[in-house]
>>> print(open('work-v7.txt').read())   # compact mmCIF, C-alpha atoms
# COMPACT_ATOMS: atom_id res chain seq x y z
CA MET A 25 0.00 0.00 0.00
CA GLY A 26 1.31 3.45 -0.88
CA ALA A 27 1.90 6.09 1.76
CA LEU A 28 0.28 9.43 2.52
CA THR A 29 2.42 12.54 2.50
CA GLY A 30 2.34 16.13 3.70
CA GLU A 31 -0.51 17.50 5.77
CA TRP A 32 -2.70 14.49 4.99
CA GLU A 33 -0.10 12.24 6.62
CA GLU A 34 0.16 14.55 9.63
CA LYS A 35 -3.60 14.75 10.22
CA LEU A 36 -4.41 11.11 9.50
CA SER A 37 -1.41 9.49 11.21
CA PRO A 38 -3.44 8.79 14.41
CA GLU A 39 -5.60 6.44 12.31
CA PHE A 40 -2.62 4.24 11.49
CA LYS A 41 -2.26 3.28 15.16
CA LYS A 42 -5.88 2.22 15.61
CA PRO A 43 -6.85 -1.47 15.64
CA TYR A 44 -9.24 -1.12 12.68
CA TYR A 45 -6.49 0.32 10.48
CA ARG A 46 -3.96 -2.34 11.42
CA LYS A 47 -6.55 -4.95 10.52
CA LEU A 48 -7.38 -3.09 7.29
CA TYR A 49 -3.70 -2.96 6.35
CA GLU A 50 -3.25 -6.70 6.87
CA THR A 51 -6.46 -7.48 4.98
CA ILE A 52 -5.37 -5.34 2.03
CA ARG A 53 -1.94 -6.99 1.94
CA SER A 54 -3.63 -10.39 1.89
CA GLU A 55 -6.13 -9.34 -0.78
CA TYR A 56 -3.44 -8.04 -3.14
CA GLY A 57 -1.48 -11.25 -2.60
CA ALA A 58 -4.37 -13.61 -3.28
CA HIS A 59 -6.62 -11.75 -5.75
CA VAL A 60 -6.61 -9.17 -8.49
CA VAL A 61 -7.39 -5.90 -6.73
CA TYR A 62 -7.82 -2.37 -8.07
CA PRO A 63 -6.36 0.19 -8.16
CA PRO A 64 -2.69 -0.85 -8.21
CA SER A 65 -1.50 -0.74 -4.61
CA GLN A 66 0.79 2.23 -5.19
CA GLU A 67 -2.19 4.25 -6.47
CA ILE A 68 -4.58 3.72 -3.54
CA PHE A 69 -3.87 7.22 -2.18
CA THR A 70 -3.50 9.08 -5.51
CA ALA A 71 -6.37 11.44 -4.66
CA PHE A 72 -4.51 12.66 -1.58
CA HIS A 73 -1.23 13.09 -3.48
CA LEU A 74 -2.83 15.18 -6.24
CA THR A 75 -5.04 17.21 -3.90
CA PRO A 76 -3.14 18.27 -0.76
CA LEU A 77 -5.31 19.12 2.22
CA GLU A 78 -4.36 22.79 2.11
CA LYS A 79 -5.65 23.04 -1.50
CA VAL A 80 -9.04 21.31 -1.16
CA LYS A 81 -11.91 23.46 -2.49
CA ALA A 82 -14.43 20.74 -3.27
CA VAL A 83 -14.89 17.06 -2.56
CA ILE A 84 -16.65 14.64 -4.90
CA ILE A 85 -17.58 11.45 -3.08
CA GLY A 86 -18.39 8.26 -4.95
CA GLN A 87 -18.75 4.62 -3.91
CA ASP A 88 -15.84 2.31 -4.67
CA PRO A 89 -13.23 2.09 -7.44
CA TYR A 90 -13.95 0.79 -10.92
CA HIS A 91 -13.57 -2.99 -10.88
CA GLU A 92 -12.61 -3.79 -14.48
CA PRO A 93 -9.02 -4.01 -15.79
CA GLY A 94 -7.11 -0.79 -16.35
CA GLN A 95 -9.81 1.53 -15.03
CA ALA A 96 -9.23 2.45 -11.38
CA GLU A 97 -6.38 4.86 -10.66
CA GLY A 98 -7.06 6.06 -7.14
CA LEU A 99 -9.32 8.95 -8.16
CA ALA A 100 -13.09 8.57 -7.90
CA PHE A 101 -14.71 8.29 -11.35
CA SER A 102 -11.43 8.92 -13.21
CA VAL A 103 -9.60 6.65 -15.67
CA LYS A 104 -6.27 7.20 -17.36
CA LYS A 105 -6.06 8.60 -20.85
CA GLY A 106 -6.47 5.89 -23.45
CA ILE A 107 -8.95 3.90 -21.32
CA GLU A 108 -12.55 3.79 -22.57
CA ILE A 109 -14.70 6.25 -20.62
CA PRO A 110 -16.92 4.22 -18.23
CA PRO A 111 -20.71 4.71 -18.31
CA SER A 112 -20.88 6.65 -15.03
CA LEU A 113 -18.28 9.09 -16.29
CA VAL A 114 -20.10 9.39 -19.62
CA ASN A 115 -23.10 10.58 -17.61
CA ILE A 116 -20.96 12.96 -15.54
CA TYR A 117 -19.70 14.47 -18.77
CA LYS A 118 -23.25 14.75 -20.12
CA GLU A 119 -24.27 16.69 -17.01
CA LEU A 120 -21.11 18.80 -17.33
CA SER A 121 -22.07 19.72 -20.89
CA ASP A 122 -25.68 20.44 -19.98
CA ASP A 123 -24.70 22.44 -16.90
CA LEU A 124 -21.88 24.58 -18.28
CA GLY A 125 -22.24 24.28 -22.05
CA LEU A 126 -18.82 22.67 -22.36
CA PRO A 127 -18.02 20.14 -25.07
CA ALA A 128 -17.96 16.56 -23.80
CA PRO A 129 -14.38 15.57 -22.94
CA THR A 130 -12.70 12.95 -25.11
CA ASN A 131 -10.73 11.26 -22.32
CA GLY A 132 -11.58 10.08 -18.83
CA SER A 133 -8.74 11.57 -16.81
CA LEU A 134 -10.06 13.82 -14.05
CA ARG A 135 -6.55 14.76 -12.90
CA PRO A 136 -7.09 18.39 -13.97
CA TRP A 137 -9.91 18.61 -11.42
CA ALA A 138 -7.81 16.99 -8.69
CA GLU A 139 -4.91 19.35 -9.37
CA GLN A 140 -7.22 22.35 -8.91
CA GLY A 141 -8.41 21.26 -5.48
CA VAL A 142 -11.21 18.76 -6.15
CA LEU A 143 -10.66 15.76 -3.87
CA LEU A 144 -11.99 12.74 -5.78
CA LEU A 145 -12.80 10.40 -2.91
CA ASN A 146 -14.54 7.05 -2.87
CA THR A 147 -16.07 5.71 0.33
CA LEU A 148 -13.98 2.54 -0.23
CA LEU A 149 -10.49 2.81 -1.72
CA THR A 150 -10.01 -0.71 -3.11
CA VAL A 151 -12.05 -3.43 -4.80
CA ARG A 152 -11.59 -6.97 -6.10
CA ALA A 153 -11.66 -7.36 -9.86
CA HIS A 154 -15.18 -7.78 -11.28
CA GLN A 155 -16.78 -7.55 -7.79
CA ALA A 156 -18.29 -4.18 -6.98
CA PHE A 157 -18.33 -3.32 -3.26
CA SER A 158 -16.29 -6.45 -2.47
CA HIS A 159 -14.16 -4.50 0.02
CA GLN A 160 -17.14 -3.21 1.94
CA GLY A 161 -16.80 -3.75 5.68
CA ILE A 162 -13.03 -4.29 5.88
CA GLY A 163 -12.28 -0.87 7.38
CA TRP A 164 -12.23 1.67 4.57
CA GLU A 165 -15.49 3.20 5.79
CA ALA A 166 -13.83 4.18 9.07
CA PHE A 167 -10.81 5.59 7.26
CA THR A 168 -12.83 7.74 4.89
CA ASP A 169 -14.91 8.89 7.86
CA ALA A 170 -11.63 10.07 9.36
CA VAL A 171 -10.80 11.92 6.13
CA LEU A 172 -14.09 13.80 6.33
CA LYS A 173 -13.53 14.62 9.99
CA VAL A 174 -10.16 16.12 9.06
CA LEU A 175 -11.80 18.16 6.31
CA ASP A 176 -14.39 19.35 8.80
CA THR A 177 -11.62 21.02 10.82
CA VAL A 178 -10.52 23.17 7.87
CA ASP A 179 -11.55 26.78 8.40
CA ARG A 180 -12.52 27.84 4.89
CA PRO A 181 -15.56 27.41 2.66
CA MET A 182 -15.77 24.09 0.86
CA VAL A 183 -18.20 22.19 -1.37
CA PHE A 184 -19.16 18.53 -0.90
CA ILE A 185 -20.77 16.69 -3.83
CA LEU A 186 -22.34 13.40 -2.70
CA TRP A 187 -23.24 11.02 -5.51
CA GLY A 188 -25.20 7.95 -4.44
CA LYS A 189 -26.30 6.49 -1.11
CA PRO A 190 -22.87 5.40 0.18
CA ALA A 191 -21.60 8.94 -0.37
CA GLN A 192 -24.69 10.46 1.22
CA SER A 193 -24.17 8.25 4.29
CA LYS A 194 -21.19 10.53 5.07
CA LYS A 195 -23.32 13.68 5.23
CA ALA A 196 -23.54 13.73 9.03
CA LEU A 197 -19.75 14.20 9.17
CA ILE A 198 -20.00 17.53 7.30
CA THR A 199 -21.00 19.92 10.07
CA ARG A 200 -19.49 23.34 9.46
CA PRO A 201 -21.82 26.15 8.34
CA ASP A 202 -19.39 27.26 5.61
CA ARG A 203 -20.06 24.10 3.57
CA LEU A 204 -22.25 23.66 0.51
CA ILE A 205 -23.58 20.10 0.25
CA ILE A 206 -24.86 18.96 -3.15
CA GLU A 207 -26.62 15.57 -3.12
CA SER A 208 -27.96 13.54 -6.01
CA PRO A 209 -28.32 9.94 -7.16
CA HIS A 210 -25.21 8.21 -8.46
CA PRO A 211 -24.34 8.95 -12.12
CA SER A 212 -24.55 5.26 -12.97
CA PRO A 213 -26.89 4.46 -15.89
CA LEU A 214 -29.05 2.64 -13.31
CA SER A 215 -29.78 5.81 -11.35
CA ALA A 216 -28.71 8.93 -13.25
CA TYR A 217 -32.22 9.64 -14.53
CA ARG A 218 -33.59 9.73 -10.98
CA GLY A 219 -32.13 13.15 -10.30
CA PHE A 220 -28.46 13.20 -11.18
CA PHE A 221 -29.20 14.78 -14.54
CA GLY A 222 -30.20 18.38 -13.97
CA SER A 223 -28.55 18.64 -10.54
CA ARG A 224 -26.04 21.22 -11.87
CA PRO A 225 -23.21 20.38 -9.45
CA PHE A 226 -20.52 22.14 -11.45
CA SER A 227 -22.12 25.56 -11.78
CA ARG A 228 -23.40 25.42 -8.20
CA THR A 229 -19.92 24.65 -6.93
CA ASN A 230 -18.39 27.55 -8.84
CA GLU A 231 -21.11 29.96 -7.75
CA TYR A 232 -20.48 29.08 -4.12
CA LEU A 233 -16.71 29.34 -4.40
CA SER A 234 -16.94 32.69 -6.20
CA GLN A 235 -19.36 34.05 -3.60
CA HIS A 236 -16.74 33.31 -0.95
CA GLY A 237 -13.80 34.81 -2.81
CA ILE A 238 -12.33 31.48 -3.90
CA ALA A 239 -11.20 30.92 -7.48
CA PRO A 240 -13.73 28.66 -9.26
CA ILE A 241 -12.84 25.32 -10.81
CA ASP A 242 -12.11 25.14 -14.53
CA TRP A 243 -14.16 22.02 -15.19
CA GLN A 244 -13.09 21.62 -18.82
CA ILE A 245 -11.05 18.47 -19.37
CA PRO A 246 -8.34 19.11 -22.00
CA ASP A 247 -7.82 16.56 -24.78
>>> encode(input="work-v7.txt", output="C-alpha cells")
Amino acid sequence: MGALTGEWEEKLSPEFKKPYYRKLYETIRSEYGAHVVYPPSQEIFTAFHLTPLEKVKAVIIGQDPYHEPGQAEGLAFSVKKGIEIPPSLVNIYKELSDDLGLPAPTNGSLRPWAEQGVLLLNTLLTVRAHQAFSHQGIGWEAFTDAVLKVLDTVDRPMVFILWGKPAQSKKALITRPDRLIIESPHPSPLSAYRGFFGSRPFSRTNEYLSQHGIAPIDWQIPD
C-alpha cells in the first residue's frame, strides 16, 4: 500500500495506530497477494497526493473504485487517458455539458480537477476485480470517515458533492456552516435519470466558491 504525505499524513497518522487500520492494512496486503485488486496498490492514495489538504476546495464522493481491468487509478470516477470512458463518467460528462455548455471531454482523466483542489474520494479505496463493493466492511469506511472529519476542521468554505447512497451516508460528518452540500443519485446508468441529470453540481460549486472569494474550478477536461 502506498503512503500518505504532507498534511494528509500529519492529520491522518493517528488512524494508522488504531486497531481497525492495522486490521485493514493486513487485509489489504492479503487481498493483493491472493486476488486481483484495483487500483494498483501504489495508487490507492492518488487522490490525496494530487489534492493536498491545504488546496481542497471541493470534494466529490463516490462509492468504490472501478472494478474492471485498467480503469481504477485512485481517483473517484477517473480513468487514465487511453482507457474507454466508463458509463458513469459518460453521464458525468453529459451533465457537465448540460450544466456549463462545455463540449464533452474525449478522455476520462479527471486529474485536472484533482490538481485544482477537487478531492476525488470514494467511500472505499479498493475493490476486487469484477466484484463491486467487495471490500465493503473491511475498514475503509472508518478511514474515509476520518478523512471527512479532518476536512471538517478546515476553516474555509468548501463544497461537498455526494453522488449515491454510500456517499450520502457521510453527510452527518459535514457539520461546518461554511459548507455547501450537493446531493444527487449516483451517475450510474441505473440511477442517473432519478435526479443526477439536472442537478447542476458544477455551476453550483463555482457559484459558491466565487461568492466566498475562492477561485472557481475550470471544469473543462483538455484533450
>>> residues_around(input="work-v7.txt", residues="region 234-244 of chain A", least_positions_apart="4", cutoff="10 Å", atoms="all atoms listed in the file", output="count of residues only")
26
>>> closest_residue(input="work-v7.txt", among="A:Lys118, A:His73, A:Lys189, A:Arg224", to="Ile206 (chain A)", atoms="all atoms listed in the file")
A:Arg224
>>> closest_residue(input="work-v7.txt", among="A:Leu113, A:Leu204, A:Leu175, A:Ala191", to="Ile85 (chain A)", atoms="all atoms listed in the file")
A:Ala191
>>> closest_residue(input="work-v7.txt", among="A:Ala216, A:Leu233, A:Ala96, A:Val183", to="Val114 (chain A)", atoms="only C-alpha atoms")
A:Ala216
>>> closest_residue(input="work-v7.txt", among="A:Gly98, A:Pro76, A:Gly86, A:Pro64", to="Ser212 (chain A)", atoms="all atoms listed in the file")
A:Gly86
>>> closest_residue(input="work-v7.txt", among="A:Ser133, A:Ser37, A:Asn115, A:Gln155", to="Pro211 (chain A)", atoms="all atoms listed in the file")
A:Asn115
>>> residues_around(input="work-v7.txt", residues="Phe40 (chain A)", least_positions_apart="4", cutoff="12 Å", atoms="all atoms listed in the file", output="number ranges by chain")
A: 27-28, 33-36, 44-50, 163, 166-167, 170
>>> atom_distance(input="work-v7.txt", atom1="CA of Ser102 (chain A)", atom2="CA of Trp164 (chain A)")
19.2 Å
>>> atom_distance(input="work-v7.txt", atom1="CA of Asp88 (chain A)", atom2="CA of Gly106 (chain A)")
21.3 Å
>>> atom_distance(input="work-v7.txt", atom1="CA of Glu231 (chain A)", atom2="CA of Thr147 (chain A)")
26.1 Å
>>> residues_around(input="work-v7.txt", residues="Pro89 (chain A)", least_positions_apart="3", cutoff="8 Å", atoms="only C-alpha atoms", output="PyMOL selection string")
chain A and resi 62-63+96+98-101+146+148-151
>>> residues_around(input="work-v7.txt", residues="Ser215 (chain A)", least_positions_apart="6", cutoff="10 Å", atoms="only C-alpha atoms", output="number ranges by chain")
A: 112, 188, 208-209, 221
>>> closest_residue(input="work-v7.txt", among="A:Ile84, A:Pro201, A:Thr130, A:Leu143", to="Ile185 (chain A)", atoms="all atoms listed in the file")
A:Ile84
>>> residues_near_point(input="work-v7.txt", point="(-11.9, 8.7, -22.8)", cutoff="7 Å", atoms="all atoms listed in the file", output="list in words")
Lys105, Gly106, Ile107, Glu108, Ile109, Thr130, Asn131 and Gly132 of chain A
>>> residues_near_point(input="work-v7.txt", point="(-14.5, -9.0, -13.6)", cutoff="6 Å", atoms="all atoms listed in the file", output="JSON, numbers by chain")
{"A": [92, 153, 154]}
>>> build_atoms(input="work-v7.txt", residues="region 122-138 of chain A", atoms="N, CA and C atoms", output="mmCIF file, keeping the file's coordinate frame")
data_model
loop_
_atom_site.group_PDB
_atom_site.id
_atom_site.type_symbol
_atom_site.label_atom_id
_atom_site.label_comp_id
_atom_site.auth_asym_id
_atom_site.auth_seq_id
_atom_site.Cartn_x
_atom_site.Cartn_y
_atom_site.Cartn_z
ATOM 1 N N ASP A 122 -24.378 19.802 -20.156
ATOM 2 C CA ASP A 122 -25.680 20.440 -19.980
ATOM 3 C C ASP A 122 -25.605 21.603 -18.993
ATOM 4 N N ASP A 123 -24.787 21.448 -17.954
ATOM 5 C CA ASP A 123 -24.700 22.440 -16.900
ATOM 6 C C ASP A 123 -23.924 23.678 -17.335
ATOM 7 N N LEU A 124 -22.789 23.470 -17.976
ATOM 8 C CA LEU A 124 -21.880 24.580 -18.280
ATOM 9 C C LEU A 124 -21.736 24.877 -19.768
ATOM 10 N N GLY A 125 -22.364 24.059 -20.618
ATOM 11 C CA GLY A 125 -22.240 24.280 -22.050
ATOM 12 C C GLY A 125 -20.887 23.925 -22.614
ATOM 13 N N LEU A 126 -20.152 23.073 -21.902
ATOM 14 C CA LEU A 126 -18.820 22.670 -22.360
ATOM 15 C C LEU A 126 -18.931 21.462 -23.273
ATOM 16 N N PRO A 127 -18.022 21.344 -24.241
ATOM 17 C CA PRO A 127 -18.020 20.140 -25.070
ATOM 18 C C PRO A 127 -17.672 18.917 -24.218
ATOM 19 N N ALA A 128 -18.247 17.777 -24.551
ATOM 20 C CA ALA A 128 -17.960 16.560 -23.800
ATOM 21 C C ALA A 128 -16.484 16.195 -23.952
ATOM 22 N N PRO A 129 -15.787 15.948 -22.857
ATOM 23 C CA PRO A 129 -14.380 15.570 -22.940
ATOM 24 C C PRO A 129 -14.185 14.284 -23.737
ATOM 25 N N THR A 130 -13.002 14.129 -24.295
ATOM 26 C CA THR A 130 -12.700 12.950 -25.110
ATOM 27 C C THR A 130 -11.841 11.938 -24.369
ATOM 28 N N ASN A 131 -11.463 12.239 -23.126
ATOM 29 C CA ASN A 131 -10.730 11.260 -22.320
ATOM 30 C C ASN A 131 -11.295 11.278 -20.903
ATOM 31 N N GLY A 132 -10.974 10.246 -20.135
ATOM 32 C CA GLY A 132 -11.580 10.080 -18.830
ATOM 33 C C GLY A 132 -10.720 10.493 -17.663
ATOM 34 N N SER A 133 -9.630 11.190 -17.906
ATOM 35 C CA SER A 133 -8.740 11.570 -16.810
ATOM 36 C C SER A 133 -9.255 12.831 -16.114
ATOM 37 N N LEU A 134 -9.581 12.691 -14.844
ATOM 38 C CA LEU A 134 -10.060 13.820 -14.050
ATOM 39 C C LEU A 134 -8.925 14.473 -13.246
ATOM 40 N N ARG A 135 -7.692 14.171 -13.608
ATOM 41 C CA ARG A 135 -6.550 14.760 -12.900
ATOM 42 C C ARG A 135 -6.576 16.290 -12.919
ATOM 43 N N PRO A 136 -7.020 16.926 -14.013
ATOM 44 C CA PRO A 136 -7.090 18.390 -13.970
ATOM 45 C C PRO A 136 -7.994 18.918 -12.864
ATOM 46 N N TRP A 137 -9.063 18.204 -12.545
ATOM 47 C CA TRP A 137 -9.910 18.610 -11.420
ATOM 48 C C TRP A 137 -9.155 18.444 -10.109
ATOM 49 N N ALA A 138 -8.529 17.276 -9.932
ATOM 50 C CA ALA A 138 -7.810 16.990 -8.690
ATOM 51 C C ALA A 138 -6.708 18.029 -8.453
#
